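Q: Have a peek at query-v8.txt (compact mmCIF, N, CA and C atoms).
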# COMPACT_ATOMS: atom_id res chain seq x y z
N MET A 4 -43.35 91.30 -166.52
CA MET A 4 -44.45 90.39 -166.75
C MET A 4 -43.96 89.01 -167.17
N ALA A 5 -42.91 89.01 -167.98
CA ALA A 5 -42.36 87.73 -168.45
C ALA A 5 -41.78 86.94 -167.28
N ARG A 6 -41.14 87.63 -166.34
CA ARG A 6 -40.57 86.94 -165.17
C ARG A 6 -41.67 86.29 -164.34
N LEU A 7 -42.81 86.95 -164.24
CA LEU A 7 -43.94 86.40 -163.49
C LEU A 7 -44.45 85.11 -164.14
N ILE A 8 -44.58 85.12 -165.44
CA ILE A 8 -45.07 83.95 -166.16
C ILE A 8 -44.04 82.82 -166.09
N ILE A 9 -42.76 83.16 -166.22
CA ILE A 9 -41.71 82.15 -166.11
C ILE A 9 -41.70 81.54 -164.71
N GLY A 10 -41.81 82.39 -163.69
CA GLY A 10 -41.87 81.90 -162.31
C GLY A 10 -43.06 81.01 -162.06
N TRP A 11 -44.20 81.38 -162.62
CA TRP A 11 -45.42 80.58 -162.49
C TRP A 11 -45.23 79.21 -163.14
N GLY A 12 -44.64 79.19 -164.34
CA GLY A 12 -44.38 77.93 -165.02
C GLY A 12 -43.38 77.07 -164.27
N LEU A 13 -42.35 77.69 -163.70
CA LEU A 13 -41.36 76.94 -162.93
C LEU A 13 -41.97 76.36 -161.66
N ASN A 14 -42.85 77.11 -161.02
CA ASN A 14 -43.54 76.58 -159.84
C ASN A 14 -44.45 75.42 -160.21
N ALA A 15 -45.10 75.52 -161.37
CA ALA A 15 -45.94 74.41 -161.84
C ALA A 15 -45.07 73.19 -162.14
N LEU A 16 -43.90 73.41 -162.71
CA LEU A 16 -42.98 72.31 -162.98
C LEU A 16 -42.51 71.67 -161.68
N ALA A 17 -42.24 72.48 -160.67
CA ALA A 17 -41.85 71.95 -159.36
C ALA A 17 -42.97 71.13 -158.75
N LEU A 18 -44.19 71.60 -158.86
CA LEU A 18 -45.34 70.84 -158.33
C LEU A 18 -45.52 69.53 -159.08
N TYR A 19 -45.37 69.57 -160.39
CA TYR A 19 -45.51 68.35 -161.17
C TYR A 19 -44.38 67.37 -160.84
N GLY A 20 -43.19 67.87 -160.61
CA GLY A 20 -42.06 67.03 -160.25
C GLY A 20 -42.20 66.39 -158.88
N MET A 21 -42.98 67.01 -158.03
CA MET A 21 -43.19 66.47 -156.68
C MET A 21 -43.93 65.14 -156.70
N THR A 22 -44.68 64.89 -157.76
CA THR A 22 -45.42 63.62 -157.83
C THR A 22 -44.47 62.43 -157.85
N PHE A 23 -43.26 62.64 -158.31
CA PHE A 23 -42.27 61.57 -158.36
C PHE A 23 -41.49 61.44 -157.05
N LEU A 24 -41.51 62.49 -156.22
CA LEU A 24 -40.74 62.49 -154.98
C LEU A 24 -41.55 62.15 -153.74
N LEU A 25 -42.83 62.45 -153.77
CA LEU A 25 -43.69 62.27 -152.60
C LEU A 25 -44.85 61.34 -152.95
N PRO A 26 -44.84 60.11 -152.40
CA PRO A 26 -45.89 59.16 -152.77
C PRO A 26 -47.29 59.58 -152.34
N GLY A 27 -47.44 60.43 -151.34
CA GLY A 27 -48.75 60.85 -150.86
C GLY A 27 -49.30 62.04 -151.61
N PHE A 28 -48.65 62.45 -152.70
CA PHE A 28 -49.07 63.61 -153.48
C PHE A 28 -49.30 63.17 -154.92
N LYS A 29 -50.52 63.31 -155.38
CA LYS A 29 -50.88 62.92 -156.75
C LYS A 29 -51.45 64.13 -157.49
N ILE A 30 -51.07 64.24 -158.74
CA ILE A 30 -51.57 65.33 -159.57
C ILE A 30 -51.94 64.76 -160.94
N ALA A 31 -53.05 65.19 -161.49
CA ALA A 31 -53.58 64.59 -162.71
C ALA A 31 -52.72 64.91 -163.94
N GLY A 32 -52.21 66.10 -164.04
CA GLY A 32 -51.43 66.49 -165.21
C GLY A 32 -50.81 67.85 -165.01
N PHE A 33 -50.11 68.30 -166.05
CA PHE A 33 -49.42 69.59 -165.92
C PHE A 33 -50.41 70.74 -165.84
N ALA A 34 -51.57 70.63 -166.47
CA ALA A 34 -52.58 71.69 -166.39
C ALA A 34 -53.05 71.87 -164.95
N ALA A 35 -53.23 70.78 -164.23
CA ALA A 35 -53.62 70.88 -162.82
C ALA A 35 -52.49 71.50 -162.01
N ALA A 36 -51.25 71.24 -162.38
CA ALA A 36 -50.11 71.84 -161.68
C ALA A 36 -50.07 73.35 -161.90
N VAL A 37 -50.42 73.79 -163.11
CA VAL A 37 -50.46 75.23 -163.39
C VAL A 37 -51.54 75.91 -162.55
N VAL A 38 -52.71 75.29 -162.48
CA VAL A 38 -53.80 75.85 -161.68
C VAL A 38 -53.43 75.83 -160.19
N LEU A 39 -52.81 74.74 -159.74
CA LEU A 39 -52.40 74.65 -158.34
C LEU A 39 -51.35 75.72 -158.01
N ALA A 40 -50.44 75.99 -158.92
CA ALA A 40 -49.44 77.03 -158.69
C ALA A 40 -50.10 78.40 -158.55
N ALA A 41 -51.12 78.66 -159.36
CA ALA A 41 -51.85 79.93 -159.26
C ALA A 41 -52.62 80.04 -157.96
N VAL A 42 -53.29 78.96 -157.57
CA VAL A 42 -54.06 78.96 -156.32
C VAL A 42 -53.12 79.13 -155.12
N LEU A 43 -51.99 78.44 -155.14
CA LEU A 43 -51.01 78.59 -154.06
C LEU A 43 -50.51 80.03 -153.97
N ALA A 44 -50.26 80.64 -155.12
CA ALA A 44 -49.79 82.03 -155.13
C ALA A 44 -50.83 82.97 -154.51
N VAL A 45 -52.08 82.77 -154.86
CA VAL A 45 -53.14 83.63 -154.32
C VAL A 45 -53.30 83.40 -152.82
N LEU A 46 -53.33 82.15 -152.40
CA LEU A 46 -53.47 81.85 -150.96
C LEU A 46 -52.29 82.39 -150.16
N ASN A 47 -51.08 82.21 -150.68
CA ASN A 47 -49.90 82.68 -149.96
C ASN A 47 -49.80 84.20 -149.94
N THR A 48 -50.42 84.86 -150.92
CA THR A 48 -50.41 86.31 -150.94
C THR A 48 -51.49 86.92 -150.06
N LEU A 49 -52.68 86.33 -150.07
CA LEU A 49 -53.81 86.94 -149.38
C LEU A 49 -54.09 86.37 -147.99
N ILE A 50 -54.04 85.07 -147.84
CA ILE A 50 -54.49 84.44 -146.59
C ILE A 50 -53.35 84.12 -145.64
N ARG A 51 -52.21 83.67 -146.17
CA ARG A 51 -51.10 83.24 -145.31
C ARG A 51 -50.61 84.34 -144.35
N PRO A 52 -50.47 85.60 -144.79
CA PRO A 52 -50.04 86.63 -143.82
C PRO A 52 -51.01 86.82 -142.66
N ILE A 53 -52.30 86.70 -142.94
CA ILE A 53 -53.30 86.85 -141.88
C ILE A 53 -53.19 85.69 -140.90
N VAL A 54 -53.06 84.47 -141.43
CA VAL A 54 -52.94 83.29 -140.57
C VAL A 54 -51.66 83.36 -139.74
N LEU A 55 -50.56 83.82 -140.35
CA LEU A 55 -49.31 83.95 -139.59
C LEU A 55 -49.44 84.99 -138.49
N LEU A 56 -50.16 86.07 -138.75
CA LEU A 56 -50.36 87.08 -137.73
C LEU A 56 -51.23 86.55 -136.58
N LEU A 57 -52.27 85.80 -136.92
CA LEU A 57 -53.15 85.25 -135.89
C LEU A 57 -52.45 84.16 -135.05
N THR A 58 -51.52 83.45 -135.65
CA THR A 58 -50.82 82.38 -134.94
C THR A 58 -49.45 82.84 -134.42
N LEU A 59 -49.23 84.14 -134.38
CA LEU A 59 -47.94 84.66 -133.94
C LEU A 59 -47.54 84.21 -132.53
N PRO A 60 -48.43 84.19 -131.55
CA PRO A 60 -48.00 83.72 -130.22
C PRO A 60 -47.54 82.26 -130.23
N VAL A 61 -48.26 81.40 -130.96
CA VAL A 61 -47.86 80.00 -131.05
C VAL A 61 -46.55 79.88 -131.81
N ASN A 62 -46.41 80.68 -132.86
CA ASN A 62 -45.19 80.65 -133.65
C ASN A 62 -43.98 81.10 -132.83
N MET A 63 -44.18 82.10 -132.00
CA MET A 63 -43.08 82.56 -131.14
C MET A 63 -42.74 81.52 -130.07
N ALA A 64 -43.76 80.86 -129.55
CA ALA A 64 -43.52 79.85 -128.52
C ALA A 64 -42.78 78.63 -129.07
N THR A 65 -43.00 78.34 -130.35
CA THR A 65 -42.33 77.19 -130.97
C THR A 65 -41.09 77.61 -131.74
N LEU A 66 -40.67 78.85 -131.55
CA LEU A 66 -39.47 79.39 -132.21
C LEU A 66 -39.56 79.30 -133.73
N GLY A 67 -40.73 79.53 -134.27
CA GLY A 67 -40.94 79.57 -135.71
C GLY A 67 -41.29 78.26 -136.35
N CYS A 68 -41.26 77.19 -135.61
CA CYS A 68 -41.55 75.87 -136.19
C CYS A 68 -43.01 75.71 -136.60
N PHE A 69 -43.89 76.50 -136.01
CA PHE A 69 -45.31 76.41 -136.37
C PHE A 69 -45.55 76.90 -137.79
N THR A 70 -44.60 77.60 -138.36
CA THR A 70 -44.72 78.05 -139.74
C THR A 70 -44.82 76.86 -140.69
N PHE A 71 -44.17 75.73 -140.35
CA PHE A 71 -44.29 74.52 -141.15
C PHE A 71 -45.74 74.05 -141.19
N VAL A 72 -46.43 74.15 -140.07
CA VAL A 72 -47.83 73.75 -140.01
C VAL A 72 -48.68 74.69 -140.87
N VAL A 73 -48.43 75.98 -140.78
CA VAL A 73 -49.18 76.96 -141.58
C VAL A 73 -48.94 76.70 -143.07
N ASN A 74 -47.69 76.44 -143.45
CA ASN A 74 -47.39 76.14 -144.86
C ASN A 74 -48.09 74.87 -145.31
N GLY A 75 -48.13 73.87 -144.46
CA GLY A 75 -48.84 72.63 -144.78
C GLY A 75 -50.33 72.84 -144.95
N VAL A 76 -50.91 73.68 -144.09
CA VAL A 76 -52.34 73.98 -144.20
C VAL A 76 -52.63 74.72 -145.51
N MET A 77 -51.80 75.67 -145.88
CA MET A 77 -51.99 76.39 -147.14
C MET A 77 -51.86 75.43 -148.33
N PHE A 78 -50.91 74.52 -148.25
CA PHE A 78 -50.70 73.55 -149.32
C PHE A 78 -51.90 72.60 -149.42
N ALA A 79 -52.39 72.12 -148.28
CA ALA A 79 -53.54 71.22 -148.28
C ALA A 79 -54.80 71.94 -148.75
N LEU A 80 -54.97 73.19 -148.35
CA LEU A 80 -56.14 73.96 -148.78
C LEU A 80 -56.11 74.18 -150.29
N ALA A 81 -54.95 74.52 -150.83
CA ALA A 81 -54.83 74.71 -152.27
C ALA A 81 -55.11 73.42 -153.01
N ALA A 82 -54.60 72.31 -152.49
CA ALA A 82 -54.85 71.02 -153.13
C ALA A 82 -56.33 70.64 -153.07
N ALA A 83 -57.00 71.01 -152.00
CA ALA A 83 -58.43 70.72 -151.88
C ALA A 83 -59.27 71.56 -152.85
N LEU A 84 -58.78 72.73 -153.18
CA LEU A 84 -59.53 73.62 -154.07
C LEU A 84 -59.35 73.28 -155.55
N VAL A 85 -58.28 72.56 -155.89
CA VAL A 85 -57.99 72.29 -157.30
C VAL A 85 -58.40 70.85 -157.64
N THR A 86 -59.15 70.70 -158.68
CA THR A 86 -59.56 69.38 -159.15
C THR A 86 -58.37 68.67 -159.79
N GLY A 87 -58.19 67.42 -159.44
CA GLY A 87 -57.10 66.64 -160.01
C GLY A 87 -55.86 66.59 -159.15
N VAL A 88 -55.92 67.17 -157.95
CA VAL A 88 -54.78 67.16 -157.03
C VAL A 88 -55.23 66.46 -155.76
N GLN A 89 -54.40 65.55 -155.27
CA GLN A 89 -54.73 64.80 -154.06
C GLN A 89 -53.52 64.77 -153.14
N VAL A 90 -53.73 65.16 -151.89
CA VAL A 90 -52.70 65.08 -150.85
C VAL A 90 -53.27 64.18 -149.76
N ASN A 91 -52.56 63.11 -149.45
CA ASN A 91 -53.02 62.14 -148.47
C ASN A 91 -52.46 62.47 -147.09
N GLY A 92 -53.22 63.20 -146.30
CA GLY A 92 -52.87 63.47 -144.91
C GLY A 92 -52.10 64.76 -144.69
N TRP A 93 -52.10 65.18 -143.43
CA TRP A 93 -51.45 66.43 -143.04
C TRP A 93 -49.93 66.35 -143.11
N LEU A 94 -49.39 65.20 -142.76
CA LEU A 94 -47.94 65.05 -142.81
C LEU A 94 -47.44 65.16 -144.24
N ASN A 95 -48.15 64.56 -145.18
CA ASN A 95 -47.78 64.70 -146.59
C ASN A 95 -47.92 66.13 -147.07
N ALA A 96 -48.89 66.86 -146.55
CA ALA A 96 -49.05 68.27 -146.91
C ALA A 96 -47.88 69.10 -146.40
N MET A 97 -47.45 68.85 -145.18
CA MET A 97 -46.32 69.61 -144.63
C MET A 97 -45.03 69.24 -145.35
N ILE A 98 -44.81 67.96 -145.59
CA ILE A 98 -43.61 67.54 -146.31
C ILE A 98 -43.66 68.06 -147.75
N GLY A 99 -44.84 68.03 -148.35
CA GLY A 99 -45.00 68.56 -149.70
C GLY A 99 -44.70 70.03 -149.79
N ALA A 100 -45.11 70.79 -148.78
CA ALA A 100 -44.81 72.22 -148.77
C ALA A 100 -43.32 72.47 -148.70
N VAL A 101 -42.61 71.68 -147.91
CA VAL A 101 -41.15 71.83 -147.80
C VAL A 101 -40.48 71.44 -149.11
N ILE A 102 -40.88 70.31 -149.69
CA ILE A 102 -40.28 69.86 -150.94
C ILE A 102 -40.58 70.87 -152.05
N PHE A 103 -41.81 71.38 -152.10
CA PHE A 103 -42.15 72.38 -153.11
C PHE A 103 -41.30 73.63 -152.95
N SER A 104 -41.09 74.07 -151.72
CA SER A 104 -40.26 75.26 -151.50
C SER A 104 -38.84 75.05 -152.00
N ILE A 105 -38.28 73.89 -151.71
CA ILE A 105 -36.91 73.60 -152.13
C ILE A 105 -36.81 73.51 -153.66
N LEU A 106 -37.72 72.73 -154.27
CA LEU A 106 -37.70 72.60 -155.74
C LEU A 106 -37.94 73.94 -156.43
N SER A 107 -38.88 74.71 -155.92
CA SER A 107 -39.18 76.01 -156.51
C SER A 107 -37.99 76.95 -156.39
N TRP A 108 -37.33 76.93 -155.25
CA TRP A 108 -36.16 77.78 -155.03
C TRP A 108 -35.04 77.42 -156.00
N ILE A 109 -34.80 76.13 -156.18
CA ILE A 109 -33.74 75.68 -157.09
C ILE A 109 -34.08 76.05 -158.53
N LEU A 110 -35.30 75.73 -158.98
CA LEU A 110 -35.68 76.02 -160.36
C LEU A 110 -35.68 77.51 -160.66
N ASN A 111 -36.21 78.31 -159.74
CA ASN A 111 -36.22 79.76 -159.96
C ASN A 111 -34.82 80.36 -159.90
N GLY A 112 -33.95 79.78 -159.11
CA GLY A 112 -32.57 80.26 -159.06
C GLY A 112 -31.80 79.95 -160.33
N VAL A 113 -32.08 78.81 -160.94
CA VAL A 113 -31.35 78.40 -162.14
C VAL A 113 -31.94 79.03 -163.40
N PHE A 114 -33.26 78.99 -163.55
CA PHE A 114 -33.88 79.39 -164.80
C PHE A 114 -34.51 80.78 -164.81
N ASN A 115 -34.60 81.43 -163.67
CA ASN A 115 -35.23 82.75 -163.60
C ASN A 115 -34.34 83.68 -162.77
N PRO A 116 -33.11 83.95 -163.25
CA PRO A 116 -32.20 84.79 -162.45
C PRO A 116 -32.70 86.23 -162.38
N LYS A 117 -32.29 86.93 -161.36
CA LYS A 117 -32.74 88.29 -161.15
C LYS A 117 -32.00 89.30 -162.03
N ASP A 118 -30.89 88.90 -162.62
CA ASP A 118 -30.12 89.82 -163.45
C ASP A 118 -30.75 90.07 -164.78
Can the structure in the file be given as structure tokens, please?
A:
Amino acid sequence: MARLIIGWGLNALALYGMTFLLPGFKIAGFAAAVVLAAVLAVLNTLIRPIVLLLTLPVNMATLGCFTFVVNGVMFALAAALVTGVQVNGWLNAMIGAVIFSILSWILNGVFNPKD
């Protein structure tokens, strides 16, 4: 349970840190980042697998590159659902999803080891 809470906090920290890296991404405060991290987790757990299954032919035709679009859509949807978060355009949503994945991976690797 503690690892889950630590991971959630690290993802919120990564989202909050993105405001300094991506000019098209604005977040009101750390509380909004915590809520956005929770909403992203729920969307990626429940909806993203269904969307990936439905877009499987397109994903196969683009050799997996369409996954970036799906990740951007999930990121934009989560941002639209959370008050205090603003993503300007689809390109910023896709770039934001990539930056969030990288920052989250680094933070979770450093501060939340599996051992």
Q: Between atom CA of A:Gly75 and atom CA of A:Val113, measure the distance and give it in Å to one decimal.
A: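 Those two atoms sit 25.3 Å apart.
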Q: At a cut-off of 5 Å, using all atoms listed in the file, what residues contact A:Val88? Leave out same-chain residues fewer than 3 positions from it and give the result as a list of chain:residue names.
A: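 My reading of the contact set: A:Lys29, A:Ile30, A:Ala31, A:Val85.
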Q: Would you mind reading off the distance between atom CA of A:Ala40 and atom CA of A:Ile98, one decimal, in Å?
A: 16.7 Å
Q: Take atom N of A:Gly99 and atom CA of A:Arg6 and report the distance between them in Å, one decimal.
A: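 According to the coordinates, atom N of A:Gly99 and atom CA of A:Arg6 are separated by 25.7 Å.
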Q: Run DSSP on the backbone and grab whatever in stretch 22-117 of chain A lands in alpha helix (DSSP H); send it over as a compact mmCIF listing (two decimals) with N, CA and C atoms, keeping the file's coordinate frame.
A:
# COMPACT_ATOMS: atom_id res chain seq x y z
N THR A 22 -44.68 64.89 -157.76
CA THR A 22 -45.42 63.62 -157.83
C THR A 22 -44.47 62.43 -157.85
N PHE A 23 -43.26 62.64 -158.31
CA PHE A 23 -42.27 61.57 -158.36
C PHE A 23 -41.49 61.44 -157.05
N LEU A 24 -41.51 62.49 -156.22
CA LEU A 24 -40.74 62.49 -154.98
C LEU A 24 -41.55 62.15 -153.74
N PHE A 33 -50.11 68.30 -166.05
CA PHE A 33 -49.42 69.59 -165.92
C PHE A 33 -50.41 70.74 -165.84
N ALA A 34 -51.57 70.63 -166.47
CA ALA A 34 -52.58 71.69 -166.39
C ALA A 34 -53.05 71.87 -164.95
N ALA A 35 -53.23 70.78 -164.23
CA ALA A 35 -53.62 70.88 -162.82
C ALA A 35 -52.49 71.50 -162.01
N ALA A 36 -51.25 71.24 -162.38
CA ALA A 36 -50.11 71.84 -161.68
C ALA A 36 -50.07 73.35 -161.90
N VAL A 37 -50.42 73.79 -163.11
CA VAL A 37 -50.46 75.23 -163.39
C VAL A 37 -51.54 75.91 -162.55
N VAL A 38 -52.71 75.29 -162.48
CA VAL A 38 -53.80 75.85 -161.68
C VAL A 38 -53.43 75.83 -160.19
N LEU A 39 -52.81 74.74 -159.74
CA LEU A 39 -52.40 74.65 -158.34
C LEU A 39 -51.35 75.72 -158.01
N ALA A 40 -50.44 75.99 -158.92
CA ALA A 40 -49.44 77.03 -158.69
C ALA A 40 -50.10 78.40 -158.55
N ALA A 41 -51.12 78.66 -159.36
CA ALA A 41 -51.85 79.93 -159.26
C ALA A 41 -52.62 80.04 -157.96
N VAL A 42 -53.29 78.96 -157.57
CA VAL A 42 -54.06 78.96 -156.32
C VAL A 42 -53.12 79.13 -155.12
N LEU A 43 -51.99 78.44 -155.14
CA LEU A 43 -51.01 78.59 -154.06
C LEU A 43 -50.51 80.03 -153.97
N ALA A 44 -50.26 80.64 -155.12
CA ALA A 44 -49.79 82.03 -155.13
C ALA A 44 -50.83 82.97 -154.51
N VAL A 45 -52.08 82.77 -154.86
CA VAL A 45 -53.14 83.63 -154.32
C VAL A 45 -53.30 83.40 -152.82
N LEU A 46 -53.33 82.15 -152.40
CA LEU A 46 -53.47 81.85 -150.96
C LEU A 46 -52.29 82.39 -150.16
N ASN A 47 -51.08 82.21 -150.68
CA ASN A 47 -49.90 82.68 -149.96
C ASN A 47 -49.80 84.20 -149.94
N THR A 48 -50.42 84.86 -150.92
CA THR A 48 -50.41 86.31 -150.94
C THR A 48 -51.49 86.92 -150.06
N LEU A 49 -52.68 86.33 -150.07
CA LEU A 49 -53.81 86.94 -149.38
C LEU A 49 -54.09 86.37 -147.99
N ARG A 51 -52.21 83.67 -146.17
CA ARG A 51 -51.10 83.24 -145.31
C ARG A 51 -50.61 84.34 -144.35
N PRO A 52 -50.47 85.60 -144.79
CA PRO A 52 -50.04 86.63 -143.82
C PRO A 52 -51.01 86.82 -142.66
N ILE A 53 -52.30 86.70 -142.94
CA ILE A 53 -53.30 86.85 -141.88
C ILE A 53 -53.19 85.69 -140.90
N VAL A 54 -53.06 84.47 -141.43
CA VAL A 54 -52.94 83.29 -140.57
C VAL A 54 -51.66 83.36 -139.74
N LEU A 55 -50.56 83.82 -140.35
CA LEU A 55 -49.31 83.95 -139.59
C LEU A 55 -49.44 84.99 -138.49
N LEU A 56 -50.16 86.07 -138.75
CA LEU A 56 -50.36 87.08 -137.73
C LEU A 56 -51.23 86.55 -136.58
N LEU A 57 -52.27 85.80 -136.92
CA LEU A 57 -53.15 85.25 -135.89
C LEU A 57 -52.45 84.16 -135.05
N LEU A 59 -49.23 84.14 -134.38
CA LEU A 59 -47.94 84.66 -133.94
C LEU A 59 -47.54 84.21 -132.53
N PRO A 60 -48.43 84.19 -131.55
CA PRO A 60 -48.00 83.72 -130.22
C PRO A 60 -47.54 82.26 -130.23
N VAL A 61 -48.26 81.40 -130.96
CA VAL A 61 -47.86 80.00 -131.05
C VAL A 61 -46.55 79.88 -131.81
N ASN A 62 -46.41 80.68 -132.86
CA ASN A 62 -45.19 80.65 -133.65
C ASN A 62 -43.98 81.10 -132.83
N MET A 63 -44.18 82.10 -132.00
CA MET A 63 -43.08 82.56 -131.14
C MET A 63 -42.74 81.52 -130.07
N ALA A 64 -43.76 80.86 -129.55
CA ALA A 64 -43.52 79.85 -128.52
C ALA A 64 -42.78 78.63 -129.07
N PHE A 69 -43.89 76.50 -136.01
CA PHE A 69 -45.31 76.41 -136.37
C PHE A 69 -45.55 76.90 -137.79
N THR A 70 -44.60 77.60 -138.36
CA THR A 70 -44.72 78.05 -139.74
C THR A 70 -44.82 76.86 -140.69
N PHE A 71 -44.17 75.73 -140.35
CA PHE A 71 -44.29 74.52 -141.15
C PHE A 71 -45.74 74.05 -141.19
N VAL A 72 -46.43 74.15 -140.07
CA VAL A 72 -47.83 73.75 -140.01
C VAL A 72 -48.68 74.69 -140.87
N VAL A 73 -48.43 75.98 -140.78
CA VAL A 73 -49.18 76.96 -141.58
C VAL A 73 -48.94 76.70 -143.07
N ASN A 74 -47.69 76.44 -143.45
CA ASN A 74 -47.39 76.14 -144.86
C ASN A 74 -48.09 74.87 -145.31
N GLY A 75 -48.13 73.87 -144.46
CA GLY A 75 -48.84 72.63 -144.78
C GLY A 75 -50.33 72.84 -144.95
N VAL A 76 -50.91 73.68 -144.09
CA VAL A 76 -52.34 73.98 -144.20
C VAL A 76 -52.63 74.72 -145.51
N MET A 77 -51.80 75.67 -145.88
CA MET A 77 -51.99 76.39 -147.14
C MET A 77 -51.86 75.43 -148.33
N PHE A 78 -50.91 74.52 -148.25
CA PHE A 78 -50.70 73.55 -149.32
C PHE A 78 -51.90 72.60 -149.42
N ALA A 79 -52.39 72.12 -148.28
CA ALA A 79 -53.54 71.22 -148.28
C ALA A 79 -54.80 71.94 -148.75
N LEU A 80 -54.97 73.19 -148.35
CA LEU A 80 -56.14 73.96 -148.78
C LEU A 80 -56.11 74.18 -150.29
N ALA A 81 -54.95 74.52 -150.83
CA ALA A 81 -54.83 74.71 -152.27
C ALA A 81 -55.11 73.42 -153.01
N ALA A 82 -54.60 72.31 -152.49
CA ALA A 82 -54.85 71.02 -153.13
C ALA A 82 -56.33 70.64 -153.07
N ALA A 83 -57.00 71.01 -152.00
CA ALA A 83 -58.43 70.72 -151.88
C ALA A 83 -59.27 71.56 -152.85
N LEU A 84 -58.78 72.73 -153.18
CA LEU A 84 -59.53 73.62 -154.07
C LEU A 84 -59.35 73.28 -155.55
N TRP A 93 -52.10 65.18 -143.43
CA TRP A 93 -51.45 66.43 -143.04
C TRP A 93 -49.93 66.35 -143.11
N LEU A 94 -49.39 65.20 -142.76
CA LEU A 94 -47.94 65.05 -142.81
C LEU A 94 -47.44 65.16 -144.24
N ASN A 95 -48.15 64.56 -145.18
CA ASN A 95 -47.78 64.70 -146.59
C ASN A 95 -47.92 66.13 -147.07
N ALA A 96 -48.89 66.86 -146.55
CA ALA A 96 -49.05 68.27 -146.91
C ALA A 96 -47.88 69.10 -146.40
N MET A 97 -47.45 68.85 -145.18
CA MET A 97 -46.32 69.61 -144.63
C MET A 97 -45.03 69.24 -145.35
N ILE A 98 -44.81 67.96 -145.59
CA ILE A 98 -43.61 67.54 -146.31
C ILE A 98 -43.66 68.06 -147.75
N GLY A 99 -44.84 68.03 -148.35
CA GLY A 99 -45.00 68.56 -149.70
C GLY A 99 -44.70 70.03 -149.79
N ALA A 100 -45.11 70.79 -148.78
CA ALA A 100 -44.81 72.22 -148.77
C ALA A 100 -43.32 72.47 -148.70
N VAL A 101 -42.61 71.68 -147.91
CA VAL A 101 -41.15 71.83 -147.80
C VAL A 101 -40.48 71.44 -149.11
N ILE A 102 -40.88 70.31 -149.69
CA ILE A 102 -40.28 69.86 -150.94
C ILE A 102 -40.58 70.87 -152.05
N PHE A 103 -41.81 71.38 -152.10
CA PHE A 103 -42.15 72.38 -153.11
C PHE A 103 -41.30 73.63 -152.95
N SER A 104 -41.09 74.07 -151.72
CA SER A 104 -40.26 75.26 -151.50
C SER A 104 -38.84 75.05 -152.00
N ILE A 105 -38.28 73.89 -151.71
CA ILE A 105 -36.91 73.60 -152.13
C ILE A 105 -36.81 73.51 -153.66
N LEU A 106 -37.72 72.73 -154.27
CA LEU A 106 -37.70 72.60 -155.74
C LEU A 106 -37.94 73.94 -156.43
N SER A 107 -38.88 74.71 -155.92
CA SER A 107 -39.18 76.01 -156.51
C SER A 107 -37.99 76.95 -156.39
N TRP A 108 -37.33 76.93 -155.25
CA TRP A 108 -36.16 77.78 -155.03
C TRP A 108 -35.04 77.42 -156.00
N ILE A 109 -34.80 76.13 -156.18
CA ILE A 109 -33.74 75.68 -157.09
C ILE A 109 -34.08 76.05 -158.53
N LEU A 110 -35.30 75.73 -158.98
CA LEU A 110 -35.68 76.02 -160.36
C LEU A 110 -35.68 77.51 -160.66
N ASN A 111 -36.21 78.31 -159.74
CA ASN A 111 -36.22 79.76 -159.96
C ASN A 111 -34.82 80.36 -159.90
N GLY A 112 -33.95 79.78 -159.11
CA GLY A 112 -32.57 80.26 -159.06
C GLY A 112 -31.80 79.95 -160.33
N VAL A 113 -32.08 78.81 -160.94
CA VAL A 113 -31.35 78.40 -162.14
C VAL A 113 -31.94 79.03 -163.40
N PHE A 114 -33.26 78.99 -163.55
CA PHE A 114 -33.88 79.39 -164.80
C PHE A 114 -34.51 80.78 -164.81
Q: Counting only C-alpha atoms, figure out which residue out of A:Leu56, A:Leu94, A:Ile109, A:Ala15 gets nearest to A:Val37.
A: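 Going through A:Leu56, A:Leu94, A:Ile109, A:Ala15 one by one, the smallest distance to A:Val37 is for A:Ala15.
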Q: Taking all atoms listed in the file into account, name the residue in A:Tyr19, A:Asn14, A:Gly27, A:Gly67 that is nearest to A:Asn91.
A: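 Of A:Tyr19, A:Asn14, A:Gly27, A:Gly67, the one nearest A:Asn91 is A:Gly27, counting all atoms listed in the file.
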Q: With only C-alpha atoms as the atoms that count, which of A:Ala5, A:Leu80, A:Ala96, A:Ile102 lies nearest to A:Leu43?
A: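 Selected residue with least distance to A:Leu43: A:Leu80.
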Q: With distances taken over only C-alpha atoms, which of A:Ile8, A:Ala17, A:Ala81, A:Leu59 is nearest to A:Phe33?
A: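 Answer, going by the shortest atom-to-atom distance: A:Ala17.
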Q: For the strand (DSSP E or B) assignment from backbone DSSP, which residues of chain A qualify? Please present them as an MDAnalysis selection string.
A: chainID A and resid 28:30 88:90
Q: For each of A:Met77, A:Phe103, A:Met63, A:Ala34, take the minimum atom-to-atom distance to A:Met21, counting only C-alpha atoms, then give the residue where this is smallest.
A: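 Selected residue with least distance to A:Met21: A:Phe103.
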Q: Tell me, as an MDAnalysis selection string, which residues lie within 7 Å of A:Asn115, counting only C-alpha atoms; anything in the same chain fewer than 2 positions away does not count.
A: chainID A and resid 6 9:10 111:113 117
